[in-house]
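What's in query17.cif: mmCIF, C-alpha atoms
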```cif
data_data
#
loop_
_atom_site.label_atom_id
_atom_site.label_comp_id
_atom_site.auth_asym_id
_atom_site.auth_seq_id
_atom_site.Cartn_x
_atom_site.Cartn_y
_atom_site.Cartn_z
CA MET T 1 -40.62 251.22 48.67
CA LEU T 2 -41.00 254.99 48.30
CA GLN T 3 -38.41 254.96 45.52
CA VAL T 4 -40.40 252.34 43.58
CA ILE T 5 -43.59 254.37 44.05
CA GLY T 6 -41.80 257.48 42.83
CA ILE T 7 -40.54 255.68 39.72
CA ILE T 8 -44.04 254.38 38.94
CA ILE T 9 -45.60 257.81 39.39
CA PHE T 10 -43.01 259.44 37.15
CA VAL T 11 -43.44 256.76 34.48
CA LEU T 12 -47.16 257.52 34.54
CA LEU T 13 -46.41 261.24 34.19
CA ILE T 14 -44.21 260.51 31.19
CA GLY T 15 -47.01 258.39 29.75
CA ALA T 16 -49.43 261.27 30.29
CA SER T 17 -47.01 263.61 28.50
CA ILE T 18 -46.85 261.25 25.51
CA ALA T 19 -50.63 260.72 25.49
CA LEU T 20 -51.33 264.45 25.60
CA HIS T 21 -48.79 265.10 22.85
CA GLU T 22 -50.53 262.66 20.53
CA ILE T 23 -53.96 264.02 21.49
CA GLY T 24 -52.64 267.39 20.37
CA HIS T 25 -52.24 265.87 16.90
CA LEU T 26 -55.34 263.65 17.00
CA LEU T 27 -58.02 266.22 17.85
CA PRO T 28 -57.27 268.82 15.17
CA ALA T 29 -56.68 266.08 12.57
CA LYS T 30 -60.14 264.65 13.23
CA LYS T 31 -61.61 268.15 13.41
CA PHE T 32 -60.26 268.91 9.93
CA GLY T 33 -61.62 265.63 8.53
CA VAL T 34 -58.36 263.70 8.21
CA LYS T 35 -58.82 259.97 8.68
CA VAL T 36 -56.78 258.74 11.67
CA THR T 37 -56.43 254.97 11.75
CA GLU T 38 -54.22 254.57 14.84
CA TYR T 39 -53.50 256.33 18.14
CA MET T 40 -50.70 254.51 19.96
CA ILE T 41 -48.72 255.15 23.13
CA GLY T 42 -45.33 253.49 22.84
CA PHE T 43 -43.62 251.45 20.14
CA GLY T 44 -43.05 247.77 19.46
CA PRO T 45 -45.55 244.99 20.17
CA THR T 46 -49.12 245.99 21.04
CA ILE T 47 -50.13 245.01 24.58
CA TRP T 48 -53.64 246.47 24.48
CA SER T 49 -55.85 248.00 21.81
CA LYS T 50 -59.45 248.95 21.20
CA THR T 51 -61.06 250.11 17.98
CA LYS T 52 -63.58 252.91 18.22
CA GLY T 53 -65.07 254.11 14.97
CA GLU T 54 -62.30 254.27 12.38
CA THR T 55 -59.45 254.63 14.91
CA THR T 56 -57.63 251.95 16.87
CA TYR T 57 -56.38 253.14 20.27
CA GLY T 58 -53.69 251.16 22.04
CA LEU T 59 -50.63 250.75 24.23
CA LYS T 60 -47.37 249.25 23.02
CA GLY T 61 -44.58 247.54 24.91
CA ILE T 62 -41.83 250.17 24.67
CA PRO T 63 -42.98 253.42 26.36
CA LEU T 64 -40.46 255.69 24.63
CA GLY T 65 -42.88 257.76 22.58
CA GLY T 66 -46.08 257.46 20.61
CA TYR T 67 -47.72 258.24 17.31
CA ILE T 68 -50.95 258.69 15.40
CA ARG T 69 -51.34 257.33 11.87
CA MET T 70 -53.01 259.76 9.47
CA ILE T 71 -53.71 258.60 5.94
CA GLY T 72 -52.11 260.44 3.04
CA MET T 73 -49.13 261.95 4.84
CA ILE T 74 -47.13 261.63 1.60
CA PRO T 75 -48.60 262.99 -1.62
CA PRO T 76 -48.48 260.94 -4.83
CA ALA T 77 -45.79 261.72 -7.37
CA LYS T 78 -46.97 264.15 -10.04
CA ASP T 79 -45.84 261.90 -12.87
CA ASP T 80 -46.90 258.62 -11.26
CA PRO T 81 -50.08 258.62 -9.13
CA THR T 82 -49.52 255.00 -8.09
CA GLY T 83 -46.27 255.90 -6.31
CA ALA T 84 -44.41 253.02 -7.92
CA PRO T 85 -40.80 253.46 -9.08
CA ARG T 86 -40.56 254.04 -12.83
CA SER T 87 -37.61 251.68 -13.31
CA MET T 88 -35.02 249.68 -11.50
CA THR T 89 -32.50 252.51 -12.02
CA THR T 90 -34.07 254.80 -9.46
CA GLY T 91 -31.42 253.83 -6.93
CA LYS T 92 -31.68 252.73 -3.33
CA PHE T 93 -33.04 256.01 -2.02
CA GLY T 94 -35.40 256.31 -4.95
CA ALA T 95 -36.82 252.86 -4.30
CA MET T 96 -37.13 253.71 -0.60
CA ILE T 97 -39.06 256.88 -1.41
CA ALA T 98 -41.30 255.11 -3.90
CA ASP T 99 -42.03 252.30 -1.45
CA ALA T 100 -42.97 254.76 1.31
CA ARG T 101 -45.16 256.69 -1.13
CA LYS T 102 -46.95 253.50 -2.20
CA GLN T 103 -47.56 252.44 1.40
CA SER T 104 -49.02 255.86 2.13
CA LEU T 105 -51.35 255.57 -0.87
CA ASP T 106 -52.37 252.03 0.06
CA ASP T 107 -53.99 253.41 3.24
CA VAL T 108 -56.29 255.61 1.16
CA GLY T 109 -59.58 253.92 0.32
CA PRO T 110 -61.98 254.88 -2.47
CA ALA T 111 -64.01 257.10 -0.11
CA ASP T 112 -60.97 258.75 1.46
CA ALA T 113 -59.77 260.89 -1.43
CA ASN T 114 -60.58 264.14 0.41
CA ARG T 115 -59.58 262.93 3.88
CA VAL T 116 -55.84 262.77 3.32
CA PHE T 117 -53.40 264.94 5.23
CA TYR T 118 -51.51 266.27 2.23
CA LYS T 119 -54.65 267.98 0.89
CA LEU T 120 -55.13 270.11 4.01
CA PRO T 121 -54.55 273.85 3.68
CA VAL T 122 -51.20 274.98 5.00
CA ARG T 123 -52.66 276.61 8.12
CA LYS T 124 -54.44 273.37 9.07
CA LYS T 125 -51.31 271.30 8.52
CA ILE T 126 -49.45 273.61 10.89
CA VAL T 127 -52.21 273.34 13.51
CA VAL T 128 -52.18 269.53 13.34
CA MET T 129 -48.40 269.19 13.59
CA PHE T 130 -47.94 272.03 16.07
CA GLY T 131 -50.70 270.63 18.29
CA GLY T 132 -48.49 267.94 19.87
CA PRO T 133 -45.74 270.25 21.15
CA VAL T 134 -48.35 272.78 22.28
CA MET T 135 -49.96 270.12 24.48
CA ASN T 136 -46.57 269.53 26.14
CA LEU T 137 -46.25 273.28 26.68
CA MET T 138 -49.73 273.47 28.21
CA PHE T 139 -49.03 270.48 30.45
CA ALA T 140 -45.79 272.14 31.58
CA PHE T 141 -47.75 275.32 32.36
CA VAL T 142 -50.26 273.37 34.46
CA LEU T 143 -47.51 271.56 36.39
CA PHE T 144 -45.52 274.75 36.97
CA THR T 145 -48.70 276.50 38.14
CA ILE T 146 -49.45 273.75 40.66
CA MET T 147 -45.85 273.95 41.88
CA LEU T 148 -45.65 277.74 42.12
CA VAL T 149 -49.19 278.75 43.07
CA GLY T 150 -50.47 275.61 44.77
CA ILE T 151 -47.30 274.72 46.70
CA GLY T 152 -44.99 277.72 46.38
CA LEU T 153 -41.26 278.28 46.29
CA PRO T 154 -38.99 277.53 49.27
CA GLN T 155 -37.87 280.72 50.96
CA PRO T 156 -35.79 281.13 54.12
CA SER T 157 -37.82 282.11 57.16
CA LEU T 158 -36.69 283.77 60.40
CA GLN T 159 -36.93 280.45 62.25
CA VAL T 160 -33.60 278.88 63.12
CA ALA T 161 -33.12 275.40 61.59
CA GLY T 162 -29.58 274.84 62.85
CA VAL T 163 -26.73 276.50 64.72
CA VAL T 164 -23.14 276.28 63.44
CA PRO T 165 -20.82 275.12 66.27
CA CYS T 166 -17.69 277.09 65.40
CA THR T 167 -16.80 280.31 63.61
CA PRO T 168 -15.64 279.27 60.12
CA SER T 169 -12.38 280.29 58.52
CA LEU T 170 -10.92 279.87 55.04
CA ALA T 171 -9.11 276.77 56.33
CA GLN T 172 -12.25 275.45 58.08
CA PRO T 173 -15.11 276.85 55.95
CA THR T 174 -17.89 274.63 57.34
CA GLY T 175 -17.54 275.69 60.97
CA ALA T 176 -17.77 272.06 62.08
CA SER T 177 -16.42 271.05 65.47
CA LEU T 178 -13.90 268.29 66.18
CA PRO T 179 -15.12 264.80 67.22
CA SER T 180 -14.42 265.87 70.78
CA GLY T 181 -16.89 268.72 70.43
CA GLN T 182 -14.16 271.35 70.64
CA CYS T 183 -13.53 273.93 67.94
CA PRO T 184 -10.41 273.50 65.78
CA THR T 185 -7.30 275.43 66.75
CA GLY T 186 -7.56 279.05 65.73
CA THR T 187 -11.37 279.13 65.84
CA GLU T 188 -13.89 279.69 68.59
CA LEU T 189 -17.55 279.13 69.27
CA ALA T 190 -19.81 280.75 66.71
CA PRO T 191 -21.74 283.73 68.14
CA ALA T 192 -25.14 282.02 67.85
CA ALA T 193 -23.87 278.92 69.67
CA ALA T 194 -22.20 281.06 72.34
CA ALA T 195 -25.45 283.00 72.85
CA GLY T 196 -27.37 279.74 73.38
CA LEU T 197 -29.61 279.82 70.30
CA ILE T 198 -31.29 276.52 69.46
CA ASP T 199 -33.34 275.06 66.63
CA GLY T 200 -36.84 276.51 66.51
CA ASP T 201 -35.99 279.98 67.81
CA VAL T 202 -37.59 282.72 65.71
CA ILE T 203 -35.51 285.87 65.18
CA THR T 204 -37.55 289.08 65.40
CA ALA T 205 -35.02 291.93 65.86
CA ILE T 206 -31.39 292.86 66.42
CA ASP T 207 -30.57 295.98 68.45
CA GLY T 208 -34.22 296.99 68.24
CA GLU T 209 -34.40 296.81 64.43
CA SER T 210 -37.21 294.47 63.39
CA PHE T 211 -37.02 292.09 60.42
CA THR T 212 -39.66 290.41 58.31
CA THR T 213 -37.38 288.31 56.10
CA TRP T 214 -34.21 286.32 56.52
CA ASP T 215 -32.46 288.36 53.85
CA GLN T 216 -33.06 291.54 55.85
CA ALA T 217 -31.52 290.00 58.97
CA THR T 218 -28.57 288.62 56.99
CA THR T 219 -27.87 291.99 55.39
CA TRP T 220 -27.86 293.69 58.81
CA ILE T 221 -25.57 291.07 60.36
CA ARG T 222 -23.03 291.20 57.52
CA ALA T 223 -22.83 294.98 57.83
CA HIS T 224 -22.17 294.95 61.62
CA GLY T 225 -19.24 292.59 62.06
CA GLY T 226 -17.10 293.16 65.16
CA THR T 227 -19.92 294.69 67.22
CA THR T 228 -22.04 293.47 70.12
CA ALA T 229 -25.79 293.64 69.74
CA THR T 230 -28.97 292.56 71.49
CA LEU T 231 -30.69 289.70 69.69
CA THR T 232 -34.47 289.41 70.18
CA PHE T 233 -36.16 286.10 69.43
CA ILE T 234 -39.18 283.99 70.33
CA ARG T 235 -38.78 280.59 71.99
CA ALA T 236 -41.78 278.47 72.94
CA GLY T 237 -44.02 281.52 72.70
CA GLN T 238 -41.83 283.66 74.96
CA VAL T 239 -39.97 286.77 73.77
CA MET T 240 -36.33 286.59 74.85
CA GLU T 241 -33.26 288.80 74.47
CA VAL T 242 -29.58 287.90 74.64
CA PRO T 243 -26.39 289.85 73.94
CA ILE T 244 -24.48 288.51 70.93
CA ALA T 245 -20.98 289.37 69.74
CA ILE T 246 -21.08 289.46 65.94
CA ALA T 247 -17.93 287.90 64.55
CA THR T 248 -15.98 289.04 61.49
CA ILE T 249 -14.97 286.45 58.89
CA ASP T 250 -13.49 286.37 55.42
CA ARG T 251 -15.90 284.93 52.86
CA PRO T 252 -14.91 283.75 49.35
CA VAL T 253 -16.27 285.86 46.50
CA PHE T 254 -18.13 284.12 43.66
CA ASP T 255 -18.87 285.33 40.14
CA ASP T 256 -22.29 285.40 38.45
CA ARG T 257 -21.99 281.71 37.51
CA GLY T 258 -21.23 280.64 41.07
CA ASN T 259 -17.51 280.03 40.51
CA PRO T 260 -14.98 281.27 43.13
CA THR T 261 -12.97 284.28 42.00
CA GLY T 262 -10.13 283.68 44.47
CA GLU T 263 -10.92 286.91 46.28
CA THR T 264 -12.40 287.29 49.77
CA ALA T 265 -14.66 289.83 51.44
CA THR T 266 -14.93 290.60 55.15
CA SER T 267 -18.39 290.61 56.73
CA GLY T 268 -20.24 289.97 59.96
CA TYR T 269 -21.23 286.47 61.01
CA ILE T 270 -23.48 284.87 63.66
CA GLY T 271 -23.69 281.22 62.59
CA MET T 272 -27.27 280.01 62.15
CA ARG T 273 -29.20 278.40 59.31
CA PRO T 274 -32.80 279.31 58.46
CA GLU T 275 -35.79 277.02 58.23
CA PHE T 276 -37.27 277.08 54.74
CA GLU T 277 -40.98 277.44 54.15
CA PHE T 278 -43.02 277.27 50.95
CA VAL T 279 -44.52 280.60 49.96
CA SER T 280 -47.29 280.54 47.35
CA GLN T 281 -46.54 282.69 44.31
CA SER T 282 -48.97 284.70 42.22
CA TRP T 283 -50.21 283.51 38.83
CA ALA T 284 -48.21 286.32 37.25
CA THR T 285 -44.93 284.65 38.23
CA VAL T 286 -45.62 281.49 36.18
CA PRO T 287 -44.79 282.90 32.69
CA GLY T 288 -41.56 284.51 33.92
CA TYR T 289 -40.50 281.34 35.70
CA MET T 290 -41.23 279.30 32.58
CA TRP T 291 -39.28 281.76 30.45
CA ASN T 292 -36.20 281.29 32.64
CA ILE T 293 -36.52 277.51 32.41
CA THR T 294 -37.04 277.82 28.64
CA ALA T 295 -33.83 279.83 28.26
CA ALA T 296 -31.94 277.18 30.23
CA SER T 297 -33.55 274.41 28.14
CA VAL T 298 -32.53 276.10 24.88
CA LYS T 299 -28.93 276.27 26.10
CA ALA T 300 -29.11 272.59 27.05
CA LEU T 301 -30.51 271.75 23.62
CA ILE T 302 -27.74 273.66 21.83
CA SER T 303 -25.05 272.00 23.92
CA LEU T 304 -26.59 268.51 23.59
CA PRO T 305 -24.06 267.21 21.00
CA VAL T 306 -21.14 268.36 23.17
CA ARG T 307 -22.66 266.87 26.31
CA LEU T 308 -23.31 263.59 24.51
CA TYR T 309 -19.70 263.47 23.27
CA GLU T 310 -18.44 264.12 26.82
CA LEU T 311 -20.76 261.41 28.16
CA VAL T 312 -19.30 258.86 25.76
CA MET T 313 -15.61 259.84 25.90
CA ASP T 314 -15.25 260.97 29.52
CA THR T 315 -17.74 258.71 31.30
CA LEU T 316 -18.54 255.57 29.32
CA ILE T 317 -15.11 255.14 27.72
CA GLY T 318 -12.91 257.18 30.03
CA GLY T 319 -14.50 255.83 33.22
CA GLY T 320 -14.80 259.29 34.79
CA GLU T 321 -17.61 260.60 36.95
CA ARG T 322 -20.78 261.55 35.16
CA ALA T 323 -21.45 265.29 34.87
CA ILE T 324 -24.62 266.50 36.54
CA ASP T 325 -25.66 268.29 33.32
CA SER T 326 -25.15 265.30 31.01
CA PRO T 327 -28.11 264.07 28.89
CA VAL T 328 -30.69 261.95 30.70
CA SER T 329 -33.16 259.47 29.21
CA VAL T 330 -36.64 258.62 30.45
CA VAL T 331 -34.98 255.80 32.40
CA GLY T 332 -32.70 258.23 34.19
CA VAL T 333 -35.44 260.79 34.79
CA SER T 334 -37.72 258.10 36.24
CA ARG T 335 -34.91 256.98 38.53
CA ILE T 336 -34.42 260.57 39.70
CA GLY T 337 -38.16 260.71 40.35
CA GLY T 338 -37.78 257.65 42.58
CA GLU T 339 -34.93 259.31 44.48
CA ILE T 340 -37.05 262.40 45.02
CA ALA T 341 -39.85 260.28 46.49
CA ALA T 342 -37.37 258.53 48.82
CA MET T 343 -35.71 261.74 50.09
CA ASP T 344 -35.86 262.52 53.79
CA GLU T 345 -37.72 265.75 53.12
CA PRO T 346 -41.22 267.05 53.90
CA LEU T 347 -43.94 265.87 51.53
CA MET T 348 -44.50 269.37 50.14
CA SER T 349 -40.82 269.71 49.31
CA LYS T 350 -40.78 266.38 47.47
CA ALA T 351 -44.00 267.21 45.63
CA ALA T 352 -42.63 270.57 44.47
CA THR T 353 -39.38 269.00 43.23
CA PHE T 354 -41.31 266.20 41.51
CA LEU T 355 -43.65 268.60 39.72
CA GLY T 356 -40.80 270.89 38.71
CA LEU T 357 -38.91 267.97 37.17
CA ALA T 358 -41.96 266.74 35.23
CA ALA T 359 -42.80 270.27 34.05
CA SER T 360 -39.22 270.92 32.91
CA LEU T 361 -39.26 267.63 30.98
CA ASN T 362 -42.42 268.67 29.12
CA LEU T 363 -40.98 272.07 28.36
CA PHE T 364 -37.87 270.41 26.91
CA LEU T 365 -40.04 268.06 24.83
CA PHE T 366 -41.89 271.10 23.47
CA LEU T 367 -38.65 272.73 22.36
CA PHE T 368 -37.07 269.52 21.07
CA ASN T 369 -40.05 268.65 18.88
CA LEU T 370 -39.91 272.10 17.28
CA LEU T 371 -36.51 271.40 15.72
CA PRO T 372 -37.13 271.87 11.97
CA VAL T 373 -36.02 268.39 10.86
CA LEU T 374 -38.02 265.32 9.97
CA PRO T 375 -39.33 263.14 11.51
CA LEU T 376 -39.88 265.66 14.33
CA ASP T 377 -43.03 267.80 14.33
CA GLY T 378 -40.95 270.87 13.59
CA GLY T 379 -39.86 269.29 10.32
CA HIS T 380 -43.48 268.92 9.20
CA VAL T 381 -44.24 272.49 10.30
CA ALA T 382 -41.23 273.73 8.31
CA GLY T 383 -42.44 271.76 5.28
CA ALA T 384 -45.91 273.31 5.56
CA LEU T 385 -44.43 276.81 5.86
CA TYR T 386 -42.30 276.18 2.78
CA GLU T 387 -45.39 274.95 0.93
CA GLY T 388 -47.27 278.11 1.84
CA LEU T 389 -44.36 280.30 0.75
CA ARG T 390 -44.02 278.42 -2.54
CA ARG T 391 -47.73 278.75 -3.29
CA TRP T 392 -47.70 282.47 -2.44
CA ILE T 393 -44.75 283.09 -4.76
CA ALA T 394 -46.50 281.18 -7.54
CA LYS T 395 -49.65 283.23 -7.04
CA VAL T 396 -47.75 286.50 -7.10
CA ARG T 397 -46.00 285.48 -10.32
CA GLY T 398 -49.27 284.36 -11.88
CA ARG T 399 -48.22 280.75 -12.13
CA SER T 400 -50.25 277.62 -11.42
CA ASP T 401 -50.46 276.16 -7.94
CA PRO T 402 -47.34 273.99 -7.41
CA GLY T 403 -49.30 271.69 -5.09
CA PRO T 404 -48.23 270.18 -1.77
CA VAL T 405 -44.59 269.82 -0.85
CA ASP T 406 -43.31 266.33 -1.59
CA ILE T 407 -41.90 265.40 1.83
CA ALA T 408 -41.13 261.93 0.48
CA ARG T 409 -37.95 263.36 -1.00
CA LEU T 410 -36.79 264.16 2.53
CA LEU T 411 -37.37 260.63 3.82
CA PRO T 412 -33.67 259.65 3.58
CA VAL T 413 -32.88 262.61 5.85
CA ALA T 414 -35.70 261.60 8.19
CA TYR T 415 -34.34 258.05 8.39
CA VAL T 416 -30.84 259.33 9.20
CA VAL T 417 -32.22 261.65 11.90
CA ALA T 418 -34.38 258.86 13.34
CA ALA T 419 -31.41 256.46 13.42
CA THR T 420 -29.30 259.14 15.10
CA LEU T 421 -31.96 259.73 17.76
CA VAL T 422 -32.23 255.99 18.39
CA CYS T 423 -28.45 255.72 18.82
CA MET T 424 -28.44 258.70 21.16
CA GLY T 425 -31.25 257.14 23.16
CA ILE T 426 -29.42 253.83 23.48
CA ILE T 427 -26.23 255.58 24.64
CA VAL T 428 -28.00 257.69 27.25
CA ILE T 429 -30.13 254.80 28.53
CA TRP T 430 -26.99 252.68 28.88
CA ALA T 431 -25.32 255.48 30.82
CA ASP T 432 -28.40 255.80 33.04
CA LEU T 433 -28.18 252.09 33.81
CA ILE T 434 -24.46 251.79 34.58
CA LYS T 435 -23.60 255.32 35.78
CA PRO T 436 -26.84 257.04 36.74
CA ILE T 437 -27.08 260.64 37.90
CA SER T 438 -27.87 260.67 41.62
CA LEU T 439 -29.26 263.43 43.81
CA GLY T 440 -27.32 262.14 46.77
#
```
Would it be possible to restate this file's structure as structure tokens?
Amino acid sequence: MLQVIGIIIFVLLIGASIALHEIGHLLPAKKFGVKVTEYMIGFGPTIWSKTKGETTYGLKGIPLGGYIRMIGMIPPAKDDPTGAPRSMTTGKFGAMIADARKQSLDDVGPADANRVFYKLPVRKKIVVMFGGPVMNLMFAFVLFTIMLVGIGLPQPSLQVAGVVPCTPSLAQPTGASLPSGQCPTGTELAPAAAAGLIDGDVITAIDGESFTTWDQATTWIRAHGGTTATLTFIRAGQVMEVPIAIATIDRPVFDDRGNPTGETATSGYIGMRPEFEFVSQSWATVPGYMWNITAASVKALISLPVRLYELVMDTLIGGGERAIDSPVSVVGVSRIGGEIAAMDEPLMSKAATFLGLAASLNLFLFLFNLLPVLPLDGGHVAGALYEGLRRWIAKVRGRSDPGPVDIARLLPVAYVVAATLVCMGIIVIWADLIKPISLG
């Protein structure tokens, strides 16, 4: 039941992301006088709609995006204001362009001549098209702020959450005991277990040196292997002290990416795990945290073609396990949201993970939509920037205004990109259905 609730909540969050993205286009377009005839969430058949003023607002059956319809997105051809093809020899792409141009002009009524998008100044075009991604960025900021400031980040406390039964070795790295409860041959009771520590004990000092964080205690322990110390802790409100023999173990060394180097390092060991608690962060940490997520998202975006190829060849065709960093669709993300809701974790932990996932998704949508190719918003922004540059060059050279950029000529590219995105979406959704990524 919790998993279903989690999926529903995440679907609603995705819907909110789409709705806010389109509002980011809608509001400045209306502010600048452009006539907007439709504001739709989803694609396909309309399941609900309501007309208010000159705009029809509605929901469609396939919640994989949204759009607003602004009149006059495509300017008329300079030599043919009707947008009709001059002859039957224009070719397939030429006919396609002419047809799209004519449909764009058909939306323009007699009183709408100055309410078309293509007549906007360059700066206003950029604001309208950039508004959608910016709304995703703002939504991501809000979600990250709630997660970091309102809930906080999990940090290890000095309260013991678990005691390792046996001293680990390279052959037995977990320190788990045998089914009989005895330690494997060649190992012995871990120091914390031998000293009688239990869950809930709160470490305060070792050999009289007080600690305020788990990292401080860990650093001290690792530097004092092979010695016996007095461990001070609080149990049920009472301060207690016990002698503890700090063991010495060989730990594997990892590189900056978390991969084992094959080397080992000797350090002290007691054998206890900390309880994690959420510590609220300051507002100042939000931009830095978002910057780190942005850097990771850019890397994911750059590697997307490779990851998609691996998903197809290694997983869908090859039958191998799905990589944890493979592309995920809204279906897969919603399923992960359901798993988060169903986890056997405290509510605050699940809420923080949920918000972080939704915020990261919006940040990725912001970056993805800025790619400078049509039909993405970044393609329209790039077209507006090119228009501004072209007009500036003409002005400097004393030439006449070249007019708006004819984006209709790029429609074949836009159709290819759109078809590619649809194919990618189908592949990833299929993978999410038959070999989903699981948190378990």
Identify, on the basis of all atoms listed in the file, every residue whose closest approach to segment 226-240 of chain T does not exceed 8 Å; exclude the query and any residue fewer than 5 positions from it along the same chain; express the result as a ChimeraX atom specification.
-> /T:200-208,245-248,268
Run the PyMOL selection byres ((chain T and resi 3) around 6) on the file and write out the hits as an MDAnalysis selection string.
-> chainID T and resid 1:2 4:6 338:339 341:342
Residues returned when the PyMOL selection byres ((chain T and resi 436) around 12) runs on this file, as a PyMOL selection string = chain T and resi 311+315-316+321-336+339+428-435+437-440
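If only C-alpha atoms are the atoms counted, then among T:Pro184, T:Pro173, T:Pro404, T:Gly53 the closest residue to Val116 of chain T is T:Pro404.
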Would you please work out which residue, of T:Gly337, T:Leu410, T:Ala384, T:Leu148, is nearest to Ala98 of chain T when using all atoms listed in the file?
-> T:Leu410
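Nearest residue to Cys166 of chain T, choosing from T:Pro179, T:Asn369, T:Pro76, T:Gly271 and counting only C-alpha atoms: T:Gly271.
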Any idea what the distance is between atom CA of Leu370 of chain T and atom CA of Val36 of chain T?
-> 22.2 Å
May I ask for the distance between atom CA of Pro165 of chain T and atom CA of Gly262 of chain T, given in Å to one decimal place?
->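 Taking atom CA of Pro165 of chain T as the start and atom CA of Gly262 of chain T as the end point, the length is 25.7 Å.
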Fewer than 4 positions away in the same chain doesn't count, so skip those; otherwise give me all residues within 9 Å of Gly44 of chain T, counting all atoms listed in the file, as a compact mmCIF listing (two decimals) with C-alpha atoms, in the frame of the given file.
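Below is the file selection.txt, written as the result:
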```
# COMPACT_ATOMS: atom_id res chain seq x y z
CA LYS T 60 -47.37 249.25 23.02
CA GLY T 61 -44.58 247.54 24.91
CA ILE T 62 -41.83 250.17 24.67
CA PRO T 63 -42.98 253.42 26.36
```
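Minimum atom-to-atom distance to Tyr415 of chain T, evaluated using all atoms listed in the file, belongs to T:Val373 out of T:Ala394, T:Ala359, T:Val373, T:Gly72.
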Pairwise distance, atom CA of Pro252 of chain T with atom CA of Thr266 of chain T, equals 9.0 Å
Selected segment 124-135 of chain T, written as a PDB file, in the first residue's frame, N, CA, C and O atoms:
```pdb
ATOM      1  N   LYS T 124      12.640  39.326 -25.320  1.00  0.00           N
ATOM      2  CA  LYS T 124      11.373  38.774 -24.839  1.00  0.00           C
ATOM      3  C   LYS T 124      11.202  37.327 -25.299  1.00  0.00           C
ATOM      4  O   LYS T 124      10.637  36.501 -24.559  1.00  0.00           O
ATOM      5  N   LYS T 125      11.668  37.015 -26.494  1.00  0.00           N
ATOM      6  CA  LYS T 125      11.633  35.615 -26.930  1.00  0.00           C
ATOM      7  C   LYS T 125      12.440  34.732 -25.976  1.00  0.00           C
ATOM      8  O   LYS T 125      12.023  33.630 -25.604  1.00  0.00           O
ATOM      9  N   ILE T 126      13.616  35.232 -25.592  1.00  0.00           N
ATOM     10  CA  ILE T 126      14.474  34.459 -24.690  1.00  0.00           C
ATOM     11  C   ILE T 126      13.792  34.267 -23.343  1.00  0.00           C
ATOM     12  O   ILE T 126      13.828  33.176 -22.765  1.00  0.00           O
ATOM     13  N   VAL T 127      13.149  35.329 -22.835  1.00  0.00           N
ATOM     14  CA  VAL T 127      12.460  35.222 -21.543  1.00  0.00           C
ATOM     15  C   VAL T 127      11.354  34.178 -21.612  1.00  0.00           C
ATOM     16  O   VAL T 127      11.188  33.350 -20.705  1.00  0.00           O
ATOM     17  N   VAL T 128      10.567  34.204 -22.695  1.00  0.00           N
ATOM     18  CA  VAL T 128       9.452  33.255 -22.835  1.00  0.00           C
ATOM     19  C   VAL T 128       9.965  31.819 -22.886  1.00  0.00           C
ATOM     20  O   VAL T 128       9.463  30.936 -22.178  1.00  0.00           O
ATOM     21  N   MET T 129      10.978  31.565 -23.717  1.00  0.00           N
ATOM     22  CA  MET T 129      11.444  30.191 -23.893  1.00  0.00           C
ATOM     23  C   MET T 129      12.316  29.726 -22.729  1.00  0.00           C
ATOM     24  O   MET T 129      12.349  28.535 -22.407  1.00  0.00           O
ATOM     25  N   PHE T 130      13.009  30.657 -22.100  1.00  0.00           N
ATOM     26  CA  PHE T 130      13.851  30.299 -20.963  1.00  0.00           C
ATOM     27  C   PHE T 130      13.031  30.124 -19.691  1.00  0.00           C
ATOM     28  O   PHE T 130      13.484  29.504 -18.728  1.00  0.00           O
ATOM     29  N   GLY T 131      11.796  30.667 -19.703  1.00  0.00           N
ATOM     30  CA  GLY T 131      10.962  30.635 -18.503  1.00  0.00           C
ATOM     31  C   GLY T 131      10.628  29.235 -18.026  1.00  0.00           C
ATOM     32  O   GLY T 131      10.571  28.978 -16.817  1.00  0.00           O
ATOM     33  N   GLY T 132      10.414  28.299 -18.962  1.00  0.00           N
ATOM     34  CA  GLY T 132      10.072  26.924 -18.572  1.00  0.00           C
ATOM     35  C   GLY T 132      11.181  26.250 -17.789  1.00  0.00           C
ATOM     36  O   GLY T 132      10.966  25.780 -16.658  1.00  0.00           O
ATOM     37  N   PRO T 133      12.404  26.169 -18.350  1.00  0.00           N
ATOM     38  CA  PRO T 133      13.501  25.567 -17.599  1.00  0.00           C
ATOM     39  C   PRO T 133      13.783  26.271 -16.269  1.00  0.00           C
ATOM     40  O   PRO T 133      14.117  25.614 -15.277  1.00  0.00           O
ATOM     41  N   VAL T 134      13.634  27.607 -16.246  1.00  0.00           N
ATOM     42  CA  VAL T 134      13.889  28.336 -15.006  1.00  0.00           C
ATOM     43  C   VAL T 134      12.907  27.910 -13.918  1.00  0.00           C
ATOM     44  O   VAL T 134      13.263  27.809 -12.738  1.00  0.00           O
ATOM     45  N   MET T 135      11.673  27.638 -14.289  1.00  0.00           N
ATOM     46  CA  MET T 135      10.690  27.170 -13.301  1.00  0.00           C
ATOM     47  C   MET T 135      11.107  25.824 -12.716  1.00  0.00           C
ATOM     48  O   MET T 135      10.951  25.583 -11.509  1.00  0.00           O
TER      49      MET T 135
END
```
